[in-house]
2 protein chains.
Amino acid sequence: MTHTSLEWDPSFVARDESTMRCKFWGVGGDGTVGANKSAIKIIGDNTDKYVQGYFDYDAKKSNGLTESHLRFSDNPIHSAYLLDEADFISCSPQAYVETYDLVKQLKDGGTFLLNTIWSDEELEEKLPGQLKRDIARKNIEFYTINASKVAEEVGLGQRVNMVIQTAFFALSKVLPIDDSIKYLKKSIVDSYGHKGEDIVNMNYKAVDKALEELHKVEVPEAWKDAEDTVKDYGEEPEFITKMVRPIINLKEDDLPVSTYLPYDDGTYMSGTSRFEKRGISLHVPEWHPENCIQCNSCSYVCPHGTIRPFLLTEEEKANAPEGFETIPANGKNFKGYEYRIQVATYDCLGCGNCADICPAKEKALTMEDAGPQREAQKENWTYADEVVGYKGNLAEPNNPKNSQFRQPYLEFNGACAGCGESPYAKLITQLYGDHMIIANATGCSSIWGSSVPSMPYCKDPEGRGPAWANSLFEDAAEYGYGMALAQKSNHSLLTKYMNKFIELDIYSPLNDLFKEWLDLGKDYDKSREVADKIMEEAGKGVDNKEGQELLDRILSLKDYLAQKSVWIYGGDGWSYDIGFGGLDHVLASGEDINVMVFDTEVYSNTGGQSSKATPLAAVAKFAASGKKVRKKDLGLMMTSYGYVYVAQVAMGANNMQTLKAIREAEAYNGPSLIIGYAPCINHGLKCGMGKTQEREKLAVEAGYWHMWRFNPELAEEGKNPFVMDSKEPTGDFQEFLQGEVRYASLKREFPEFADELYAAAEKAAKERYAAYLDKLNQGAEIASEA
Amino acid sequence: MTHTSLEWDPSFVARDESTMRCKFWGVGGDGTVGANKSAIKIIGDNTDKYVQGYFDYDAKKSNGLTESHLRFSDNPIHSAYLLDEADFISCSPQAYVETYDLVKQLKDGGTFLLNTIWSDEELEEKLPGQLKRDIARKNIEFYTINASKVAEEVGLGQRVNMVIQTAFFALSKVLPIDDSIKYLKKSIVDSYGHKGEDIVNMNYKAVDKALEELHKVEVPEAWKDAEDTVKDYGEEPEFITKMVRPIINLKEDDLPVSTYLPYDDGTYMSGTSRFEKRGISLHVPEWHPENCIQCNSCSYVCPHGTIRPFLLTEEEKANAPEGFETIPANGKNFKGYEYRIQVATYDCLGCGNCADICPAKEKALTMEDAGPQREAQKENWTYADEVVGYKGNLAEPNNPKNSQFRQPYLEFNGACAGCGESPYAKLITQLYGDHMIIANATGCSSIWGSSVPSMPYCKDPEGRGPAWANSLFEDAAEYGYGMALAQKSNHSLLTKYMNKFIELDIYSPLNDLFKEWLDLGKDYDKSREVADKIMEEAGKGVDNKEGQELLDRILSLKDYLAQKSVWIYGGDGWSYDIGFGGLDHVLASGEDINVMVFDTEVYSNTGGQSSKATPLAAVAKFAASGKKVRKKDLGLMMTSYGYVYVAQVAMGANNMQTLKAIREAEAYNGPSLIIGYAPCINHGLKCGMGKTQEREKLAVEAGYWHMWRFNPELAEEGKNPFVMDSKEPTGDFQEFLQGEVRYASLKREFPEFADELYAAAEKAAKERYAAYLDKLNQGAEIASEA
């Protein structure tokens with residue numbers, strides 16, 4: 001039979017002739033992908049076998065799902081697609097047993113390896129019935145290994161990849177076991193030899209121990225008839241049950257087209273990320289109320305909105321679940337309330353920034369094993385979030401502490417653990433989320449900001465929350481500009497209708513309300529209040545044909561009665577490079593619009609390409625030998641318009657300054673730009689992603705980053721519009737650079753000119769600071785003349 | 001018969017059922033189009049007739065060919081295309097009789113009106129045979145009128161439109177003549193009533209006089225057999241004869257496809273504009289040697305390169321045509337030479353800037369009637385340009401005078417008379433034209449810079465001249481960047497081959513030449529010299545297989561042996577707006593590339609839309625009530641990189657500063673940006689386009705425009721990189737604004753807020769100046785610390 005492109009024979013495409021097909025379930029950062037790549041290399045280098053790796057990632061940045069597909073064969077491999085059937089499947093994250101159909105692709109009689117801390121008895125209790133049934137009915141050889149235990153015992157801490165890799169070689173039999181071990185040990189010397197004998201020995205031990213720890217589970221006959229374990233998710237909207245949940249569970253291809261049809265215009269329910277309950281972190285913070293000074297800094301810096309302060313009335317306290325500890329709230333605004341820090345333990349990614357920056361004498365937060373914490377806090381979280389709720393209205397959010405009593409309208413997003421971007425985005429939603437529109441540039445912030453089915457922007461009990469959209473990489477500014485102009489246009493229509501209505505001189509309370517609305521300055525709360533009254537009154541109608549027609553028109557625009565806060569979010573790739581032309585144009589327009597730039601100094605989302613925000617000497621893709629020209633000064637450039645509000649912030653260095661800048665930017669009746677320093681996995685922080693906030697502080701102290709605000713309103717008042725918020729740098733600039741692989745690697749790869757570039761980088765940073773001081777002096781002159 | 005889209009019946013499309021079809025030949029700026037629009041309005045407003053105007057323009061900016069097509073009918077007009085056949089044709093520019101087939105579309109027995117100063121006897125002598133024959137054989141009613149004479153007699157100067165319009169009404173008989181005159185006079189009151197009785201009376205007189213002056217030519221029977229007058233263009237390249245000339249004469253549709261085929265890759269012969277000899281200006285400058293101080297300023301500012309200084313040896317003087325007056329050349333470099341200013345009278349557009357800025361006590365240039373000057377200077381021009389040639393090598397072009405002895409590699413371009421852009425473009429070619437590559441953004445500069453068949457960038461007798469290309473509006477910077485990178489890449493290939501050759505240690509003079517080449521700094525002349533020697537030696541070959549292979553490769557790159565100067569040209573629409581993202585990116589790259597921005601403060605090419613370069617208060621399309629935000633400071637923004645050379649210039653204010661900036665920019669081994677102020681017809685200069693250079697001077701004196709240079713090289717030398725070239729403004733800012741319709745019209749249309757915007761414009765200009773002074777102080781601080 002011949003095949004033409006019009007005939008379809010599934011066997012033609014799906015025939016996979018490799019002799020050994022292996023699949024590995026992992027989570028980003030657990031080393032699974034790296035171990036698999038290493039396995040491919042070992043076999044490729046040492047045998048005549050053909051090898052192929054095919055890696056699949058979800059959109060959850062560095063902590064997302066990874067599926068590695070490996071093929072081995074004595075003949076060339078032509079299967080350029082994911083595995084349909086596997087001979088061997090391994091799963092590293094124990095939590096996946098509840099989420100995914102782990103052995104779906106495993107062939108009858110294949111081998112399944114589960115990394116778990118569970119004993120056989122616990123397996124009996126914890127494995128879902130459907131998994132048990134599949135294992136039993138498919139005659140699967142089922143093995144477990146407690147890789148963490150092995151790794152810790154031999155001194156490798158949480159680095160379990162060598163253990164799993166050894167188990168894979170032992171079980172898959174892709175090579176005779178003795179050969180595998182020989183090659184594996186050789187590769188250890190190659191990889192870690194330069195790190196010293198100790199490291200090599202630890203890895204040797206991990207290999208030997210792995211073989212010992214490998215445990216074959218005797219699959220009980222009873223598993224063949226195990227019944228489905230139905231997980232109780234509680235009450236969930238149909239949208240979650242029918243669409244979100246299946247997609248989370250990787251069953252999106254099983255859904256009929258009709259499931260998707262109602263959403264074919266691209267609009268989507270917000271707040272779906274809270275249904276994920278990923279539960280992937282190994283450690284989460286535990287609150288120690290006795291040490292807590294109630295500063296709320298932990299909540300302020302949390303990238304995922306998973307640690308929050310709550311205020312309880314007496315009654316709420318009384319109804320709280322057991323173990324829901326509280327302390328009396330500090331501060332006159334909160335008198336009579338009880339205070340508690342509550343962690344969403346299933347959603348926390350365990351970065352540890354909250355505990356790291358906790359300023360209490362004795363830490364009020366410590367990172368503890370996630371398992372027990374998840375159990376202990378599950379009910380507490382639900383009570384706090386859903387019953388107690390948010391009492392942000394008790395105090396003006398004019399300091400970091402107060403800001404945190406407000407609901408974050410961005411929660412459980414897909415960013416990396418420790419992300420430097422999302423805390424800014426979250427804070428802004430705490431201030432304006434209930435009347436906010438966001439145009440998001442493509443980049444990390446659009447991926448962690450929304451990847452189907454996970455939408456972390458959410459709404460409050462009144463159904464209010466940000467309207468969020470992403471168009472393209474390059475057009476976010478123009479896209480947001482259009483949104484702002486639409487608001488403006490509808491606002492002027494409303495103005496026209498109300499004026500016409502007033503002219504009709506009908507006896508109606510609406511006349512006064514319309515006058516009040518027409519006189520509104522820039523005041524959201526007031527506008528919300530008047531809007532509600534207008535809607536109530538207008539709903540009653542008037543006994544005048546022309547007047548009623550106008551009311552109908554006004555009501556058709558009721559969503560625009562209350563003011564909106566329009567924001568554009570994007571990274572430095574967008575703002576400094578690809579979308580800069582549009583950003584400049586929109587800022588120059590003079591329209592009332594706010595821009596938040598998450599400056600990671602590199603194209604983070606696409607894997608670390610150099611942008612014009614990348615500083616001199618930093619190593620990045622397209623700047624492999626260190627960037628040769630200095631970082632563009634986007635902020636300073638934009639101050640040249642004179643009527644654009646501009647600020648540079650770093651919340652880890654000064655959380656009050658960040659808050660102030662955001663509030664000033666939003667209040668300014670014109671274009672605003674805030675550039676926030678955002679440490680990123682691409683920086684290769686030697687201290688790890690648990691100290692991203694600390695890095696922001698060090699960056700400012702070292703004179704690497706500068707904090708300032710340029711407020712045109714001050715100039716109008718005859719004051720200096722430029723405010724320098726950074727102190728004279730006192731830290732060691734070079735030491736700061738050496739704390740990050742993006743800089744430190746330059747010296748390793750290009751020792752001949754690294755020092756020269758390091759020195760140039762320091763010079764450029766100093767000149768940048770000098771330019772800000774000049775701007776400060778210039779403003780002072782103007783002010784003194786005024 | 002029915003028509004389907006597959007059947008073609010020419011009569012179907014071409015059937016024009018209007019009762020009167022009229023065509024008018026005009027030249028941009030002569031009022032023909034305006035008069036025709038007015039005629040349409042008169043008939044439309046006063047009668048029941050249907051009217052239609054269809055206007056066709058060539059690409060020669062405001063002085064180009066205009067063809068107006070008017071249809072009148074008692075029934076609706078459905079002919080949405082140019083006229084195929086006309087009842088009436090008029091031609092305003094007398095010069096067109098030699099260029100175009102004027103009566104081709106005129107029907108048998110139709111009417112032809114020629115505006116001419118010629119008598120019947122002169123017509124007999126001057127009309128080409130083919131035109132005479134057509135007039136006679138088609139039984140055309142042939143009329144002439146000397147409209148200029150009428151206009152001057154009644155006091156309207158050169159404004160001939162009322163005269164021609166009257167003649168049209170009288171001859172076309174689209175309406176009964178008495179009605180026409182009545183409506184025409186009514187329209188005069190409507191249009192000019194507010195200007196006073198005098199103006200109305202002048203126009204009344206023009207109407208009456210026109211009817212008197214209208215002259216019917218008795219067409220001699222002999223014209224029926226008149227023979228073709230073959231114009232002698234002298235020796236011309238085949239490309240001109242076969243392609244350029246027919247296109248100039250509007251016969252492009254008659255050319256077979258095979259004519260175009262050799263140019264299907266878009267490359268095109270340069271220097272074709274000199275074959276046009278448009279001869280359309282009414283006045284051209286006449287040189288008065290006795291008054292001349294030999295400053296060459298006239299040549300410096302000429303937008304079209306039509307006035308040039310020449311230096312003659314004794315022999316050249318001796319062989320000169322009669323009347324080729326010279327004076328002894330001033331200056332030690334030119335000792336022994338004779339000096340002459342020569343005008344290309346056929347190519348001059350008669351703007352008069354040369355005469356206007358002539359600084360001699362008694363003007364050495366006066367604007368005189370073009371006719372006699374064209375006759376008198378025709379041979380002189382050819383002798384000067386083709387025989388005497390350019391002796392720019394006698395002196396370094398380090399002052400405006402010296403720069404003008406060099407050949408302009410941009411001549412007779414399609415810009416408006418008095419254009420403020422092209423003098424900058426031309427000057428740059430005089431400095432670098434023989435080794436220059438230009439990437440041109442779309443805009444005026446790409447239209448006057450090249451519109452088929454007219455290519456004003458030209459070459460010298462050695463065949464060297466700019467390579468010029470235009471891609472899109474938005475990508476000029478990126479396009480030029482690619483050109484620069486290509487140069488760089490080929491340069492590094494040459495470096496590699498030469499080093500390899502040297503390593504072979506073959507006995508050859510090439511070794512030393514290659515070493516010399518490899519050691520070259522940035523020195524075009526030297527590189528040209530070494531390149532020539534290399535090519536000569538390499539042509540001889542070497543007796544070594546590997547060596548010869550390297551030589552072959554080097555010779556294959558011979559065009560890259562001599563250095564190139566890469567330029568990007570564009571207007572403010574490109575640089576401030578549409579191409580800004582790319583411009584910023586390319587300047588930030590640090591590559592050695594030069595950018596010249598022609599800042600007309602508006603989208604000139606597309607008819608005057610507001611750009612971010614448009615200043616506050618200026619009226620433009622999309623800013624009909626005056627621009628509300630201030631002009632973007634592109635130059636200041638780009639200084640923030642620190643390593644970008646930036647200058648703001650205005651040659652009319654300081655021609656030495658302009659020259660200095662261009663030379664520094666080109667010499668700087670990095671990115672450079674020059675922003676030149678360029679007055680434009682869109683400004684509505686009340687003093688006319690003959691004073692564009694004067695306007696530049698006034699702009700600087702009034703503090704409207706500022707001249708400065710920012711040279712990173714100075715900073716490297718520990719000096720202040722910022723040089724303020726503008727003096728403290730002393731002129732009257734508001735008076736300057738009122739000199740231009742774009743500002744003055746605001747007061748007329750929006751008296752309620754015009755003054756407020758004018759004041760804001762002045763404030764913005766002052767703050768701009770203050771920012772430059774701060775930049776100056778900042779630089780001084782850095783320098784004093786160094």
# chains A, B, ... in the order shown; residues from 1 in each chain; ligands from 1
call {"tool": "residues_around", "arguments": {"residues": "Lys763 of chain A", "least_positions_apart": "4", "cutoff": "12 Å", "atoms": "only C-alpha atoms", "output": "PDB file with all heavy atoms, in the first residue's frame"}}
result
ATOM      1  N   PRO A 615      23.155  44.920  31.431  1.00  0.00           N
ATOM      2  CA  PRO A 615      24.285  45.806  31.720  1.00  0.00           C
ATOM      3  C   PRO A 615      25.593  45.318  31.093  1.00  0.00           C
ATOM      4  O   PRO A 615      25.733  44.145  30.735  1.00  0.00           O
ATOM      5  CB  PRO A 615      24.386  45.793  33.246  1.00  0.00           C
ATOM      6  CG  PRO A 615      23.108  45.216  33.737  1.00  0.00           C
ATOM      7  CD  PRO A 615      22.681  44.257  32.654  1.00  0.00           C
ATOM      8  N   LEU A 616      26.492  46.243  30.996  1.00  0.00           N
ATOM      9  CA  LEU A 616      27.840  45.966  30.533  1.00  0.00           C
ATOM     10  C   LEU A 616      28.431  44.814  31.357  1.00  0.00           C
ATOM     11  O   LEU A 616      28.240  44.764  32.571  1.00  0.00           O
ATOM     12  CB  LEU A 616      28.666  47.239  30.739  1.00  0.00           C
ATOM     13  CG  LEU A 616      29.809  47.533  29.791  1.00  0.00           C
ATOM     14  CD1 LEU A 616      30.065  49.040  29.744  1.00  0.00           C
ATOM     15  CD2 LEU A 616      31.054  46.796  30.160  1.00  0.00           C
ATOM     16  N   ALA A 617      29.111  43.913  30.686  1.00  0.00           N
ATOM     17  CA  ALA A 617      29.822  42.782  31.313  1.00  0.00           C
ATOM     18  C   ALA A 617      28.950  41.564  31.597  1.00  0.00           C
ATOM     19  O   ALA A 617      29.473  40.481  31.827  1.00  0.00           O
ATOM     20  CB  ALA A 617      30.565  43.187  32.587  1.00  0.00           C
ATOM     21  N   VAL A 629      28.363  47.117  25.627  1.00  0.00           N
ATOM     22  CA  VAL A 629      27.896  48.492  25.832  1.00  0.00           C
ATOM     23  C   VAL A 629      26.988  48.538  27.053  1.00  0.00           C
ATOM     24  O   VAL A 629      26.419  47.540  27.464  1.00  0.00           O
ATOM     25  CB  VAL A 629      27.156  49.064  24.596  1.00  0.00           C
ATOM     26  CG1 VAL A 629      28.129  49.289  23.450  1.00  0.00           C
ATOM     27  CG2 VAL A 629      26.023  48.164  24.158  1.00  0.00           C
ATOM     28  N   ARG A 630      26.864  49.718  27.592  1.00  0.00           N
ATOM     29  CA  ARG A 630      26.169  49.835  28.880  1.00  0.00           C
ATOM     30  C   ARG A 630      24.649  49.724  28.755  1.00  0.00           C
ATOM     31  O   ARG A 630      24.089  49.801  27.669  1.00  0.00           O
ATOM     32  CB  ARG A 630      26.551  51.148  29.546  1.00  0.00           C
ATOM     33  CG  ARG A 630      26.046  52.375  28.809  1.00  0.00           C
ATOM     34  CD  ARG A 630      26.558  53.651  29.463  1.00  0.00           C
ATOM     35  NE  ARG A 630      27.981  53.843  29.173  1.00  0.00           N
ATOM     36  CZ  ARG A 630      28.641  54.958  29.483  1.00  0.00           C
ATOM     37  NH1 ARG A 630      28.018  55.968  30.069  1.00  0.00           N
ATOM     38  NH2 ARG A 630      29.911  55.082  29.197  1.00  0.00           N
ATOM     39  N   LYS A 631      24.036  49.551  29.879  1.00  0.00           N
ATOM     40  CA  LYS A 631      22.571  49.449  29.973  1.00  0.00           C
ATOM     41  C   LYS A 631      21.946  50.770  29.562  1.00  0.00           C
ATOM     42  O   LYS A 631      22.390  51.839  29.966  1.00  0.00           O
ATOM     43  CB  LYS A 631      22.215  49.134  31.426  1.00  0.00           C
ATOM     44  CG  LYS A 631      20.730  48.962  31.732  1.00  0.00           C
ATOM     45  CD  LYS A 631      20.541  48.708  33.241  1.00  0.00           C
ATOM     46  CE  LYS A 631      19.078  48.636  33.628  1.00  0.00           C
ATOM     47  NZ  LYS A 631      18.515  47.306  33.428  1.00  0.00           N
ATOM     48  N   GLY A 703      25.313  50.274  44.474  1.00  0.00           N
ATOM     49  CA  GLY A 703      25.267  51.262  43.386  1.00  0.00           C
ATOM     50  C   GLY A 703      25.042  50.617  42.039  1.00  0.00           C
ATOM     51  O   GLY A 703      25.306  51.205  40.993  1.00  0.00           O
ATOM     52  N   TYR A 704      24.534  49.391  42.073  1.00  0.00           N
ATOM     53  CA  TYR A 704      24.247  48.671  40.831  1.00  0.00           C
ATOM     54  C   TYR A 704      22.889  49.115  40.300  1.00  0.00           C
ATOM     55  O   TYR A 704      22.664  49.186  39.110  1.00  0.00           O
ATOM     56  CB  TYR A 704      24.239  47.179  41.120  1.00  0.00           C
ATOM     57  CG  TYR A 704      23.927  46.292  39.937  1.00  0.00           C
ATOM     58  CD1 TYR A 704      24.956  45.826  39.119  1.00  0.00           C
ATOM     59  CD2 TYR A 704      22.624  45.924  39.634  1.00  0.00           C
ATOM     60  CE1 TYR A 704      24.680  45.004  38.029  1.00  0.00           C
ATOM     61  CE2 TYR A 704      22.337  45.110  38.547  1.00  0.00           C
ATOM     62  CZ  TYR A 704      23.373  44.658  37.749  1.00  0.00           C
ATOM     63  OH  TYR A 704      23.094  43.848  36.673  1.00  0.00           O
ATOM     64  N   PHE A 733      30.729  46.968  44.691  1.00  0.00           N
ATOM     65  CA  PHE A 733      30.134  46.710  43.382  1.00  0.00           C
ATOM     66  C   PHE A 733      30.620  45.386  42.803  1.00  0.00           C
ATOM     67  O   PHE A 733      29.850  44.564  42.322  1.00  0.00           O
ATOM     68  CB  PHE A 733      30.467  47.872  42.432  1.00  0.00           C
ATOM     69  CG  PHE A 733      29.757  47.796  41.112  1.00  0.00           C
ATOM     70  CD1 PHE A 733      28.508  48.362  40.942  1.00  0.00           C
ATOM     71  CD2 PHE A 733      30.335  47.144  40.022  1.00  0.00           C
ATOM     72  CE1 PHE A 733      27.837  48.286  39.730  1.00  0.00           C
ATOM     73  CE2 PHE A 733      29.678  47.055  38.805  1.00  0.00           C
ATOM     74  CZ  PHE A 733      28.429  47.628  38.662  1.00  0.00           C
ATOM     75  N   GLN A 734      31.932  45.154  42.878  1.00  0.00           N
ATOM     76  CA  GLN A 734      32.501  43.938  42.284  1.00  0.00           C
ATOM     77  C   GLN A 734      32.035  42.684  43.023  1.00  0.00           C
ATOM     78  O   GLN A 734      31.780  41.653  42.402  1.00  0.00           O
ATOM     79  CB  GLN A 734      34.036  44.006  42.261  1.00  0.00           C
ATOM     80  CG  GLN A 734      34.583  45.137  41.381  1.00  0.00           C
ATOM     81  CD  GLN A 734      34.146  45.036  39.929  1.00  0.00           C
ATOM     82  OE1 GLN A 734      33.875  43.944  39.414  1.00  0.00           O
ATOM     83  NE2 GLN A 734      34.053  46.173  39.241  1.00  0.00           N
ATOM     84  N   GLU A 756      38.618  43.904  32.847  1.00  0.00           N
ATOM     85  CA  GLU A 756      38.426  45.186  32.160  1.00  0.00           C
ATOM     86  C   GLU A 756      36.922  45.495  32.047  1.00  0.00           C
ATOM     87  O   GLU A 756      36.478  46.611  32.307  1.00  0.00           O
ATOM     88  CB  GLU A 756      39.049  45.059  30.763  1.00  0.00           C
ATOM     89  CG  GLU A 756      39.310  46.363  30.067  1.00  0.00           C
ATOM     90  CD  GLU A 756      39.811  46.096  28.654  1.00  0.00           C
ATOM     91  OE1 GLU A 756      40.693  45.206  28.474  1.00  0.00           O
ATOM     92  OE2 GLU A 756      39.295  46.742  27.726  1.00  0.00           O
ATOM     93  N   LEU A 757      36.156  44.480  31.654  1.00  0.00           N
ATOM     94  CA  LEU A 757      34.711  44.682  31.529  1.00  0.00           C
ATOM     95  C   LEU A 757      34.062  44.940  32.887  1.00  0.00           C
ATOM     96  O   LEU A 757      33.147  45.753  33.001  1.00  0.00           O
ATOM     97  CB  LEU A 757      34.042  43.478  30.848  1.00  0.00           C
ATOM     98  CG  LEU A 757      34.055  43.426  29.319  1.00  0.00           C
ATOM     99  CD1 LEU A 757      33.117  42.333  28.822  1.00  0.00           C
ATOM    100  CD2 LEU A 757      33.678  44.751  28.685  1.00  0.00           C
ATOM    101  N   TYR A 758      34.526  44.233  33.910  1.00  0.00           N
ATOM    102  CA  TYR A 758      33.986  44.468  35.253  1.00  0.00           C
ATOM    103  C   TYR A 758      34.207  45.932  35.656  1.00  0.00           C
ATOM    104  O   TYR A 758      33.318  46.582  36.197  1.00  0.00           O
ATOM    105  CB  TYR A 758      34.653  43.564  36.287  1.00  0.00           C
ATOM    106  CG  TYR A 758      34.319  42.087  36.185  1.00  0.00           C
ATOM    107  CD1 TYR A 758      35.227  41.117  36.600  1.00  0.00           C
ATOM    108  CD2 TYR A 758      33.082  41.658  35.687  1.00  0.00           C
ATOM    109  CE1 TYR A 758      34.939  39.761  36.525  1.00  0.00           C
ATOM    110  CE2 TYR A 758      32.785  40.297  35.608  1.00  0.00           C
ATOM    111  CZ  TYR A 758      33.712  39.356  36.025  1.00  0.00           C
ATOM    112  OH  TYR A 758      33.418  38.020  35.944  1.00  0.00           O
ATOM    113  N   ALA A 759      35.406  46.412  35.374  1.00  0.00           N
ATOM    114  CA  ALA A 759      35.734  47.793  35.746  1.00  0.00           C
ATOM    115  C   ALA A 759      34.858  48.764  34.950  1.00  0.00           C
ATOM    116  O   ALA A 759      34.345  49.754  35.479  1.00  0.00           O
ATOM    117  CB  ALA A 759      37.213  48.075  35.482  1.00  0.00           C
ATOM    118  N   GLU A 767      28.569  56.453  36.490  1.00  0.00           N
ATOM    119  CA  GLU A 767      28.151  57.559  35.631  1.00  0.00           C
ATOM    120  C   GLU A 767      26.628  57.680  35.610  1.00  0.00           C
ATOM    121  O   GLU A 767      26.078  58.773  35.512  1.00  0.00           O
ATOM    122  CB  GLU A 767      28.711  57.378  34.213  1.00  0.00           C
ATOM    123  CG  GLU A 767      30.193  57.695  34.179  1.00  0.00           C
ATOM    124  CD  GLU A 767      30.842  57.500  32.818  1.00  0.00           C
ATOM    125  OE1 GLU A 767      30.112  57.235  31.842  1.00  0.00           O
ATOM    126  OE2 GLU A 767      32.072  57.609  32.753  1.00  0.00           O
ATOM    127  N   ARG A 768      25.987  56.547  35.701  1.00  0.00           N
ATOM    128  CA  ARG A 768      24.535  56.546  35.757  1.00  0.00           C
ATOM    129  C   ARG A 768      24.051  57.261  37.019  1.00  0.00           C
ATOM    130  O   ARG A 768      23.147  58.092  36.981  1.00  0.00           O
ATOM    131  CB  ARG A 768      24.073  55.081  35.773  1.00  0.00           C
ATOM    132  CG  ARG A 768      22.731  54.840  35.185  1.00  0.00           C
ATOM    133  CD  ARG A 768      22.512  53.331  35.113  1.00  0.00           C
ATOM    134  NE  ARG A 768      21.105  53.069  35.150  1.00  0.00           N
ATOM    135  CZ  ARG A 768      20.364  52.747  34.076  1.00  0.00           C
ATOM    136  NH1 ARG A 768      20.929  52.626  32.895  1.00  0.00           N
ATOM    137  NH2 ARG A 768      19.082  52.541  34.189  1.00  0.00           N
ATOM    138  N   TYR A 769      24.689  56.931  38.107  1.00  0.00           N
ATOM    139  CA  TYR A 769      24.329  57.579  39.370  1.00  0.00           C
ATOM    140  C   TYR A 769      24.584  59.082  39.282  1.00  0.00           C
ATOM    141  O   TYR A 769      23.768  59.897  39.713  1.00  0.00           O
ATOM    142  CB  TYR A 769      25.130  56.944  40.506  1.00  0.00           C
ATOM    143  CG  TYR A 769      24.819  57.495  41.879  1.00  0.00           C
ATOM    144  CD1 TYR A 769      23.539  57.359  42.417  1.00  0.00           C
ATOM    145  CD2 TYR A 769      25.792  58.140  42.634  1.00  0.00           C
ATOM    146  CE1 TYR A 769      23.246  57.861  43.683  1.00  0.00           C
ATOM    147  CE2 TYR A 769      25.509  58.643  43.898  1.00  0.00           C
ATOM    148  CZ  TYR A 769      24.238  58.502  44.410  1.00  0.00           C
ATOM    149  OH  TYR A 769      23.947  59.000  45.668  1.00  0.00           O
ATOM    150  N   ALA A 770      25.722  59.439  38.673  1.00  0.00           N
ATOM    151  CA  ALA A 770      26.062  60.857  38.525  1.00  0.00           C
ATOM    152  C   ALA A 770      25.009  61.583  37.701  1.00  0.00           C
ATOM    153  O   ALA A 770      24.644  62.727  37.987  1.00  0.00           O
ATOM    154  CB  ALA A 770      27.445  60.997  37.884  1.00  0.00           C
TER     155      ALA A 770
ATOM    156  N   GLY B 642      25.660  57.943  26.241  1.00  0.00           N
ATOM    157  CA  GLY B 642      27.045  58.278  26.558  1.00  0.00           C
ATOM    158  C   GLY B 642      28.001  57.995  25.423  1.00  0.00           C
ATOM    159  O   GLY B 642      28.985  58.708  25.244  1.00  0.00           O
TER     160      GLY B 642
END
call {"tool": "interface_residues", "arguments": {"of": "chain B", "to": "chain A", "cutoff": "8 Å", "atoms": "only C-alpha atoms", "output": "MDAnalysis selection string"}}
result
chainID B and resid 577:582 585 588:590 612 629:630 632:633 636:638 640:641 771 774 778
call {"tool": "atom_distance", "arguments": {"atom1": "atom CA of Gly521 of chain B", "atom2": "atom CA of Leu410 of chain B"}}
result
28.0 Å
call {"tool": "atom_distance", "arguments": {"atom1": "atom CA of Gly652 of chain A", "atom2": "atom CA of Gly271 of chain A"}}
result
27.0 Å
call {"tool": "residues_around", "arguments": {"residues": "segment 365-381 of chain A", "least_positions_apart": "6", "cutoff": "7 Å", "atoms": "only C-alpha atoms", "output": "NGL selection string"}}
result
:A and (281-288 or 321 or 324 or 342-346 or 352 or 355 or 358)
call {"tool": "atom_distance", "arguments": {"atom1": "atom CA of Gln487 of chain A", "atom2": "atom CA of Leu714 of chain A"}}
result
26.7 Å
call {"tool": "select_by_dssp", "arguments": {"residues": "segment 138-292 of chain A", "states": "strand (DSSP E or B)", "output": "PyMOL selection string"}}
result
chain A and resi 141-145+215-216+283-287
